[in-house]
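So the structure is just underneath, and the comments pick up after that.
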Amino acid sequence: MNFVFLHFFGNMFENPHITTTRLYNFAKDTLSRFQAQNEGNLYDDIIAFLIIPILNLEGSISRVDVALGVQYGKTISVDQLIRLFKKTMSDKEGVIADSVGGFDNPKYLEFYPHGLTEYSHANKRDMPFLVDRINTVTTTNASLLNPDLVLKLKAFKSSWDLNRTDQQQRKGEVSEDRGERDVVRVDVEIALLKAMHTLGAMYPANSTQCATFFDFNLLLPVSRSGKKQVPPMI
């Protein structure tokens with residue numbers, strides 16, 4: 001595809017350096033800028049098509065963060081997530097056993113078919129299977145468990161999936177097929193692109209005016225030296 005068409009009409013947010021958290025921070029900041037400068041309701045239309053996708057993405061991120069006890073807005077790393085998962089399955093073993101009828105109850109074995117050791121020795125290769133299992137058996141036995149514990153256990157799969165998506169993006173392995181990408185994130189990307197093109201039509205060739213609505217630095221990773229790394233297409 002012609003570079004000019006790709007640059008101006010493609011999706012610049014399909015970038016391996018732009019994690020979901022960075023995209024959310026950028027989108028929320030962009031929305032705030034339009035709201036702050038909306039004198040005479042000039043940007044009502046742009047604000048309207050930005051709000052819902054951003055709120056949906058916020059809900060997707062915050063539900064996982066709150067359930068896992070992670071400070072809001074801070075992305076938990078894969079290694080941190082694995083450690084937290086191991087600790088939770090160890091700390092809550094007795095609670096789960098009591099909730100489902102004891103260590104001898106078949107329902108306990110749904111959670112711990114190979115005992116606690118399987119979770120204690122879990123690694124990155126094991127995690128997709130283990131969080132899938134816990135998500136399924138927690139859903140099945142939700143009526144027997146404390147609601148907060150249900151939320152926490154189910155959040156591990158959501159968090160793992162978010163981390164996996166971000167890792168794939170960082171490695172440049174995201175599929176071009178939107179059907180394989182997170183729909184909630186794509187909705188935000190499209191809304192941001194629409195906002196950029198709509199604003200550009202309002203102020204053609206006025207890059208200074210348009211720039212006041214977008215802080216692209218929020219999309220960029222920071223190097224160890226503290227400087228922003230500049231990914232292509234931004």
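To be explicit about the labels: the chains of the structure tokens are called A, B, and onward in the order shown, and within each one the residues are counted from 1, while ligands get numbers from 1 in the order they are shown.
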What are the closest atom pairs, with distances in Å to one decimal, for all residues of segment 35-120 of chain A lying within 8 Å of segment 188-198 of chain A? Consider only C-alpha atoms, order rows by chain and residue number, and present the result as a Markdown table.
```
| residue | atom | partner | partner_atom | distance |
| --- | --- | --- | --- | --- |
| A:Ile46 | CA | A:Ala195 | CA | 5.8 |
| A:Phe49 | CA | A:Ala191 | CA | 6.3 |
| A:Leu50 | CA | A:Ala191 | CA | 5.6 |
| A:Pro53 | CA | A:Val188 | CA | 5.1 |
| A:Ile54 | CA | A:Val188 | CA | 6.0 |
| A:Leu57 | CA | A:Val188 | CA | 7.5 |
```
Which residue of A:Phe129, A:Leu144, A:His121, A:Leu55 approaches Gly101 of chain A most closely, using only C-alpha atoms:
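Between A:Phe129, A:Leu144, A:His121, A:Leu55, the residue approaching Gly101 of chain A most closely is A:Leu144.
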Min atom-atom distance to Leu84 of chain A from the set A:Ala27, A:Leu153, A:Leu199, A:Val184, counting only C-alpha atoms, belongs to A:Leu153
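Of note, atom CA of Met89 of chain A and atom CA of Ile61 of chain A are spaced 22.2 Å apart.
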For Thr139 of chain A, work out the shell of residues within 8 Å, counting only C-alpha atoms and skipping chain neighbours fewer than 3 positions away, then give it as a list in words.
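Close residues of Thr139 of chain A: Asn135, Thr136, Ala142, Val150 and Lys154 of chain A.
Residue nearest Val183 of chain A, chosen from A:Ser120, A:Asn206, A:Thr20, A:Thr88 and counting only C-alpha atoms: A:Thr20.
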